[in-house]
Amino acid sequence: MSEIRIRKPETVPETLSASAGPGGNSASSTVIASPSHVSDIRRFLLSRGNSAIADRAFSGLMLLCAISIFGIVVLIATELVLRSQMSWHKFGLSFFYKFNIDPDTHLPVFWDPVNDTFYALPFLYGTLVSSLVALAIAVPLAIGVAIFLTEMCPKFLRAPLAFMTELLAAIPSVVYGLWAVFVLVPLLREQVNPILIAAFSYPPVVKLFGWTGLVGAKGLFGGDNYGLGFLASGVILAVMILPIISSLTREVMNAVPHSQREAVLALGATRWEMIRMGVLRNARIGIVGSVILGLGRALGETMAVAMVIGGRPEISKSLLSLGNSMASVIANEFSEASDNLYLSALIEIGLALFVVTIIVNALARLLVWAVTRGTPARVS
C-alpha cells in the first residue's frame with residue numbers, strides 16, 4: 001500500500017471575496033496579498049520596539065511626583081514640631097489662651113521676650129479680627145462680581161472683566177503693602193476713620209445702642225486714629241482675597257445646569273428671582289466653600305498685613321487700634337529672636353498657623369467639590 005503525503009504551503013495568501021452583481025448574479029473577485037507586504041503604520045510601530053519599559057518608567061515617575069507632595073507636607077510639619085518642642089514643654093496648650101499680669105500696672109502681658117513671656121493670644125485675636133473684617137468687605141463684592149459676570153454681563157465685556165478680576169491675585173503681597181502704606185492708610189486716617197468715629201460717637205446712637213458696647217469711645221471705632229490697625233489690614237486683605245472668592249463662585253455658578261434657570265423663568269420668575277432661587281440656592285454650598293478658601297488665604301497672608309497692622313501685641317475692641325497677627329509677628333520678629341525659647345515660640349505660632357490653614361483649605365475644597373462634582377461647566 002502506497003503512502004500519500006500532502007505538502008502544506010508554507011505561506012497562506014490572504015483572500016478577500018466580494019459578491020457583486022445586480023439581478024442575482026454573483027461575481028467573485030479575489031485579491032491575493034503578498035505575505036511580505038506590511039503597511040506603513042505597522043512598520044512604524046514595529047520600528048519603535050517594545051514600549052512596556054518606558055510606560056512603567058513614566059508611570060513610576062508620575063507616582064513619585066504625586067507622592068513628593070505628601071512628603072513635603074510631612075517634612076514641613078515634622079520640622080515645625082521638632083523646632084517648637086521647647087515652647088511646648090514650657091507653656092503647653094496654655095500658650096494659646098493664657099497671659100501674665102503686670103504687678104505694677106495690673107495690665108495683661110502677652111509677649112515679653114526680655115522676661116521670657118510668650119503667649120500667642122493677641123496674635124490669634126489679630127488674625128481672626130483682620131480676617132473677619134476682610135470677609136465682611138470682600139464676600140458681598142465678590143458674589144456681586146460673580147453674579148454679574150455669569151448672568152448679566154455682555155459677552156464682549158465678560159472676558160476682559162474676568163481677566164482684570166483674576167489679575168488681582170497675581171500682584172505680589174509686598175506691592176499691596178506698599179500701596180496700603182502710601183495710599184490706603186492716609187485715606188483711612190484723613191477721610192474714612194473720622195466719619196466712622198463721628199457716626200459711632202453720635203449721642204443718639206450711643207444712647208440707643210450703648211448697651212451693646214460697640215459704640216462710643218470704647219466701641220468698634222474708638223481710641224486713637226493712627227490709620228494703621230485692624231481696619232487697614234482687613235481692607236487690604238479684602239482686596240487680596242476678592243479674586244479667589246469671585247473666581248470660585250463663578251465656577252460654582254457655572255456648574256448649575258442651564259435648564260434650572262430656564263425652569264425658574266418658565267414659572268414666571270424675574271431675573272433676580274431666577275438668580276436667587278435657581279442659581280444661588282443650588283450653589284450655596286460651593287459659595288461657602290469659596291468663602292472659606294478665601295479665609296484660608298487671609299489667615300496666612302504675611303507681608304501686606306505686617307506693613308499696616310501696627311505690630312503691637314495687644315487685644316483691643318476697637319478696629320482702629322494697633323495689633324498683630326500670627327503671620328506678621330513671625331515676619332517681624334523671626335530675625336530678632338535672640339534665644340532658643342524665643343525662636344521656639346515663634347515656630348510654634350507657625351505650626352498653629354500651618355495646621356489651621358490646612359484644615360480651612362481642606363474644608364473649602366470639600367465644599368466646592370460637593371457642588372461641582374460630575375457637572376460640566378456651562379460654556380458661555
# chains A, B, ... in the order shown; residues from 1 in each chain; ligands from 1

$ residues_around --residues "segment 276-284 of chain A" --least-positions-apart "4" --cutoff "6 Å" --atoms "only C-alpha atoms" --output "list in words"
Met253, Gln260 and Arg261 of chain A

$ select_by_dssp --residues "segment 23-164 of chain A" --states "helix (DSSP H, G or I)" --output "PyMOL selection string"
chain A and resi 23-24+40-48+52-83+85-96+113-115+121-152+155-164

$ residues_around --residues "Phe99 of chain A" --least-positions-apart "5" --cutoff "9 Å" --atoms "only C-alpha atoms" --output "list in words"
Ser94, Pro108, Val109, Phe110, Trp111, Thr117, Phe118, Tyr119, Ala120 and Leu121 of chain A

$ atom_distance --atom1 "atom CA of Val264 of chain A" --atom2 "atom CA of Thr150 of chain A"
16.5 Å

$ closest_atom_pairs --of "segment 41-134 of chain A" --to "segment 309-312 of chain A" --cutoff "12 Å" --atoms "only C-alpha atoms" --output "JSON lines"
{"residue": "A:Val109", "atom": "CA", "partner": "A:Arg312", "partner_atom": "CA", "distance": 11.7}
{"residue": "A:Phe110", "atom": "CA", "partner": "A:Arg312", "partner_atom": "CA", "distance": 10.5}
{"residue": "A:Trp111", "atom": "CA", "partner": "A:Arg312", "partner_atom": "CA", "distance": 9.5}
{"residue": "A:Asp112", "atom": "CA", "partner": "A:Arg312", "partner_atom": "CA", "distance": 11.5}
{"residue": "A:Pro122", "atom": "CA", "partner": "A:Arg312", "partner_atom": "CA", "distance": 8.8}
{"residue": "A:Phe123", "atom": "CA", "partner": "A:Arg312", "partner_atom": "CA", "distance": 9.3}
{"residue": "A:Tyr125", "atom": "CA", "partner": "A:Arg312", "partner_atom": "CA", "distance": 11.9}
{"residue": "A:Gly126", "atom": "CA", "partner": "A:Ile309", "partner_atom": "CA", "distance": 8.6}
{"residue": "A:Thr127", "atom": "CA", "partner": "A:Ile309", "partner_atom": "CA", "distance": 10.1}
{"residue": "A:Val129", "atom": "CA", "partner": "A:Ile309", "partner_atom": "CA", "distance": 11.0}
{"residue": "A:Ser130", "atom": "CA", "partner": "A:Ile309", "partner_atom": "CA", "distance": 8.7}
{"residue": "A:Ser131", "atom": "CA", "partner": "A:Ile309", "partner_atom": "CA", "distance": 11.9}

$ closest_residue --among "A:Tyr176, A:Phe334, A:Phe148, A:Phe230" --to "Glu314 of chain A" --atoms "only C-alpha atoms"
A:Phe230

$ closest_residue --among "A:Ser233, A:Asn332, A:Ser201, A:Ser173" --to "Val308 of chain A" --atoms "only C-alpha atoms"
A:Ser233

$ closest_residue --among "A:Met307, A:Ala162, A:Leu299, A:Val74" --to "Gly227 of chain A" --atoms "only C-alpha atoms"
A:Met307

$ residues_around --residues "segment 346-352 of chain A" --least-positions-apart "3" --cutoff "8 Å" --atoms "only C-alpha atoms" --output "VMD selection string"
chain A and resid 77 80 to 81 83 to 84 87 to 88 120 326 to 327 329 to 330 334 342 to 343 355 to 356

$ residues_around --residues "Ile244 of chain A" --least-positions-apart "6" --cutoff "9 Å" --atoms "only C-alpha atoms" --output "list in words"
Ala142, Glu166, Ala169, Ser290, Val291, Leu293, Gly294 and Arg297 of chain A

$ write_last_selection --atoms "all heavy atoms" --output "mmCIF file, in the first residue's frame"
data_model
loop_
_atom_site.group_PDB
_atom_site.id
_atom_site.type_symbol
_atom_site.label_atom_id
_atom_site.label_comp_id
_atom_site.auth_asym_id
_atom_site.auth_seq_id
_atom_site.Cartn_x
_atom_site.Cartn_y
_atom_site.Cartn_z
ATOM 1 N N ALA A 142 -17.449 90.195 46.015
ATOM 2 C CA ALA A 142 -17.065 89.067 45.152
ATOM 3 C C ALA A 142 -18.289 88.352 44.588
ATOM 4 O O ALA A 142 -18.312 87.981 43.404
ATOM 5 C CB ALA A 142 -16.187 88.094 45.938
ATOM 6 N N GLU A 166 -9.193 88.482 38.000
ATOM 7 C CA GLU A 166 -8.222 87.465 38.363
ATOM 8 C C GLU A 166 -6.793 88.002 38.383
ATOM 9 O O GLU A 166 -5.916 87.412 39.014
ATOM 10 C CB GLU A 166 -8.328 86.284 37.391
ATOM 11 C CG GLU A 166 -9.674 85.564 37.475
ATOM 12 C CD GLU A 166 -9.821 84.486 36.429
ATOM 13 O OE1 GLU A 166 -8.892 84.362 35.600
ATOM 14 O OE2 GLU A 166 -10.857 83.783 36.425
ATOM 15 N N ALA A 169 -5.079 88.657 41.768
ATOM 16 C CA ALA A 169 -4.423 87.579 42.508
ATOM 17 C C ALA A 169 -2.950 87.443 42.138
ATOM 18 O O ALA A 169 -2.194 86.810 42.879
ATOM 19 C CB ALA A 169 -5.145 86.251 42.244
ATOM 20 N N SER A 290 -15.941 78.560 48.722
ATOM 21 C CA SER A 290 -15.049 79.594 48.186
ATOM 22 C C SER A 290 -14.751 80.662 49.227
ATOM 23 O O SER A 290 -13.633 81.181 49.286
ATOM 24 C CB SER A 290 -15.685 80.226 46.944
ATOM 25 O OG SER A 290 -16.871 80.937 47.280
ATOM 26 N N VAL A 291 -15.745 80.978 50.066
ATOM 27 C CA VAL A 291 -15.515 81.954 51.134
ATOM 28 C C VAL A 291 -14.501 81.410 52.144
ATOM 29 O O VAL A 291 -13.597 82.123 52.594
ATOM 30 C CB VAL A 291 -16.845 82.306 51.825
ATOM 31 C CG1 VAL A 291 -16.601 83.155 53.071
ATOM 32 C CG2 VAL A 291 -17.758 83.048 50.862
ATOM 33 N N LEU A 293 -12.203 79.216 51.533
ATOM 34 C CA LEU A 293 -10.898 79.210 50.876
ATOM 35 C C LEU A 293 -10.273 80.603 50.891
ATOM 36 O O LEU A 293 -9.061 80.756 51.095
ATOM 37 C CB LEU A 293 -11.036 78.704 49.444
ATOM 38 C CG LEU A 293 -9.746 78.306 48.733
ATOM 39 C CD1 LEU A 293 -9.063 77.171 49.472
ATOM 40 C CD2 LEU A 293 -10.031 77.910 47.304
ATOM 41 N N GLY A 294 -11.095 81.628 50.687
ATOM 42 C CA GLY A 294 -10.598 82.982 50.828
ATOM 43 C C GLY A 294 -10.159 83.284 52.250
ATOM 44 O O GLY A 294 -9.168 83.994 52.474
ATOM 45 N N ARG A 297 -6.701 82.033 52.744
ATOM 46 C CA ARG A 297 -5.697 82.970 52.203
ATOM 47 C C ARG A 297 -5.490 84.132 53.160
ATOM 48 O O ARG A 297 -4.354 84.580 53.390
ATOM 49 C CB ARG A 297 -6.142 83.468 50.834
ATOM 50 C CG ARG A 297 -5.345 84.650 50.291
ATOM 51 C CD ARG A 297 -3.925 84.243 49.941
ATOM 52 N NE ARG A 297 -3.110 85.399 49.608
ATOM 53 C CZ ARG A 297 -3.033 85.966 48.396
ATOM 54 N NH1 ARG A 297 -3.775 85.489 47.405
ATOM 55 N NH2 ARG A 297 -2.244 86.977 48.177
#

$ residues_around --residues "Phe221 of chain A" --least-positions-apart "3" --cutoff "7 Å" --atoms "only C-alpha atoms" --output "PyMOL selection string"
chain A and resi 196-197+200+318-320

$ residues_around --residues "segment 179-185 of chain A" --least-positions-apart "2" --cutoff "9 Å" --atoms "only C-alpha atoms" --output "count of residues only"
18

$ atom_distance --atom1 "atom CA of Val139 of chain A" --atom2 "atom CA of Leu237 of chain A"
11.6 Å

$ select_by_dssp --residues "segment 77-139 of chain A" --states "strand (DSSP E)" --output "list in words"
Asn100, Ile101, Pro108, Val109, Trp111, Asp112, Thr117 and Phe118 of chain A

$ write_last_selection --atoms "all heavy atoms" --output "compact mmCIF listing (two decimals), in the first residue's frame"
# COMPACT_ATOMS: atom_id res chain seq x y z
N ASN A 100 0.07 86.75 81.39
CA ASN A 100 0.52 87.20 82.71
C ASN A 100 -0.04 88.58 83.04
O ASN A 100 -0.47 89.31 82.14
CB ASN A 100 2.05 87.22 82.77
CG ASN A 100 2.65 85.83 82.71
OD1 ASN A 100 1.98 84.83 82.96
ND2 ASN A 100 3.93 85.75 82.36
N ILE A 101 -0.04 88.92 84.33
CA ILE A 101 -0.50 90.22 84.79
C ILE A 101 0.69 91.01 85.34
O ILE A 101 1.43 90.51 86.20
CB ILE A 101 -1.59 90.08 85.87
CG1 ILE A 101 -2.80 89.32 85.31
CG2 ILE A 101 -2.01 91.44 86.40
CD1 ILE A 101 -3.51 90.04 84.20
N PRO A 108 -2.63 93.05 81.34
CA PRO A 108 -2.16 91.76 80.84
C PRO A 108 -0.89 91.90 80.03
O PRO A 108 -0.72 92.84 79.25
CB PRO A 108 -3.33 91.27 79.98
CG PRO A 108 -4.07 92.50 79.60
CD PRO A 108 -3.92 93.46 80.75
N VAL A 109 0.01 90.95 80.21
CA VAL A 109 1.26 90.90 79.45
C VAL A 109 1.25 89.61 78.64
O VAL A 109 1.23 88.51 79.20
CB VAL A 109 2.49 90.94 80.38
CG1 VAL A 109 3.76 90.83 79.56
CG2 VAL A 109 2.49 92.21 81.20
N TRP A 111 3.34 89.17 75.51
CA TRP A 111 4.56 88.89 74.73
C TRP A 111 5.68 89.81 75.24
O TRP A 111 5.69 91.00 74.98
CB TRP A 111 4.28 89.14 73.26
CG TRP A 111 5.30 88.58 72.32
CD1 TRP A 111 6.32 89.24 71.72
CD2 TRP A 111 5.38 87.23 71.85
NE1 TRP A 111 7.03 88.40 70.90
CE2 TRP A 111 6.48 87.15 70.96
CE3 TRP A 111 4.64 86.08 72.09
CZ2 TRP A 111 6.85 85.98 70.32
CZ3 TRP A 111 4.99 84.92 71.45
CH2 TRP A 111 6.09 84.86 70.58
N ASP A 112 6.58 89.24 76.00
CA ASP A 112 7.69 89.99 76.57
C ASP A 112 8.96 89.15 76.46
O ASP A 112 9.31 88.38 77.36
CB ASP A 112 7.41 90.34 78.04
CG ASP A 112 8.48 91.25 78.62
OD1 ASP A 112 9.34 91.73 77.86
OD2 ASP A 112 8.46 91.49 79.84
N THR A 117 8.37 85.75 78.46
CA THR A 117 6.92 85.60 78.50
C THR A 117 6.41 85.55 77.07
O THR A 117 6.52 86.53 76.32
CB THR A 117 6.27 86.77 79.26
OG1 THR A 117 6.77 86.81 80.59
CG2 THR A 117 4.76 86.60 79.30
N PHE A 118 5.86 84.41 76.70
CA PHE A 118 5.41 84.21 75.33
C PHE A 118 4.02 83.57 75.35
O PHE A 118 3.88 82.39 75.73
CB PHE A 118 6.38 83.32 74.55
CG PHE A 118 7.78 83.86 74.49
CD1 PHE A 118 8.77 83.35 75.31
CD2 PHE A 118 8.10 84.89 73.62
CE1 PHE A 118 10.06 83.84 75.26
CE2 PHE A 118 9.40 85.39 73.56
CZ PHE A 118 10.37 84.87 74.38

$ atom_distance --atom1 "atom CA of Ser68 of chain A" --atom2 "atom CA of Met86 of chain A"
29.1 Å

$ decode --residues "segment 203-227 of chain A" --atoms "N, CA and C atoms" --output "compact mmCIF listing (two decimals), in the first residue's frame"
# COMPACT_ATOMS: atom_id res chain seq x y z
N PRO A 203 -24.33 111.14 69.79
CA PRO A 203 -25.06 110.92 71.05
C PRO A 203 -26.34 110.09 70.92
N PRO A 204 -27.22 110.34 69.92
CA PRO A 204 -28.40 109.47 69.83
C PRO A 204 -28.05 108.00 69.58
N VAL A 205 -26.98 107.75 68.79
CA VAL A 205 -26.56 106.38 68.53
C VAL A 205 -26.01 105.74 69.79
N VAL A 206 -25.23 106.50 70.56
CA VAL A 206 -24.68 105.98 71.81
C VAL A 206 -25.79 105.69 72.80
N LYS A 207 -26.79 106.57 72.86
CA LYS A 207 -27.90 106.38 73.78
C LYS A 207 -28.75 105.16 73.40
N LEU A 208 -28.89 104.93 72.10
CA LEU A 208 -29.74 103.84 71.64
C LEU A 208 -29.03 102.49 71.68
N PHE A 209 -27.74 102.46 71.31
CA PHE A 209 -27.00 101.20 71.22
C PHE A 209 -25.84 101.11 72.20
N GLY A 210 -25.81 101.97 73.19
CA GLY A 210 -24.69 101.94 74.13
C GLY A 210 -24.59 100.68 74.93
N TRP A 211 -25.73 99.99 75.12
CA TRP A 211 -25.72 98.75 75.91
C TRP A 211 -24.95 97.64 75.22
N THR A 212 -24.74 97.74 73.89
CA THR A 212 -24.02 96.69 73.17
C THR A 212 -22.52 96.78 73.37
N GLY A 213 -22.01 97.95 73.77
CA GLY A 213 -20.58 98.14 73.91
C GLY A 213 -19.85 98.34 72.61
N LEU A 214 -20.58 98.46 71.49
CA LEU A 214 -19.97 98.61 70.17
C LEU A 214 -19.86 100.06 69.72
N VAL A 215 -20.46 100.98 70.45
CA VAL A 215 -20.42 102.39 70.09
C VAL A 215 -19.78 103.16 71.22
N GLY A 216 -19.48 104.43 70.96
CA GLY A 216 -18.86 105.25 71.97
C GLY A 216 -17.34 105.25 71.87
N ALA A 217 -16.71 105.83 72.89
CA ALA A 217 -15.25 105.98 72.89
C ALA A 217 -14.53 104.66 73.02
N LYS A 218 -15.19 103.66 73.57
CA LYS A 218 -14.58 102.34 73.74
C LYS A 218 -15.23 101.29 72.83
N GLY A 219 -15.85 101.73 71.77
CA GLY A 219 -16.53 100.82 70.85
C GLY A 219 -15.65 100.36 69.72
N LEU A 220 -16.29 99.97 68.63
CA LEU A 220 -15.57 99.44 67.48
C LEU A 220 -14.67 100.48 66.82
N PHE A 221 -15.05 101.75 66.90
CA PHE A 221 -14.27 102.81 66.25
C PHE A 221 -13.91 103.89 67.25
N GLY A 222 -13.47 103.46 68.40
CA GLY A 222 -12.99 104.39 69.42
C GLY A 222 -11.47 104.38 69.49
N GLY A 223 -10.94 105.28 70.33
CA GLY A 223 -9.50 105.34 70.50
C GLY A 223 -8.82 106.26 69.51
N ASP A 224 -7.52 106.12 69.43
CA ASP A 224 -6.72 106.99 68.57
C ASP A 224 -6.84 106.59 67.10
N ASN A 225 -6.75 107.60 66.25
CA ASN A 225 -6.85 107.39 64.81
C ASN A 225 -5.45 107.42 64.20
N TYR A 226 -4.82 106.24 64.12
CA TYR A 226 -3.48 106.15 63.52
C TYR A 226 -3.53 105.93 62.01
N GLY A 227 -4.63 105.39 61.52
CA GLY A 227 -4.68 104.96 60.13
C GLY A 227 -4.28 103.50 59.98
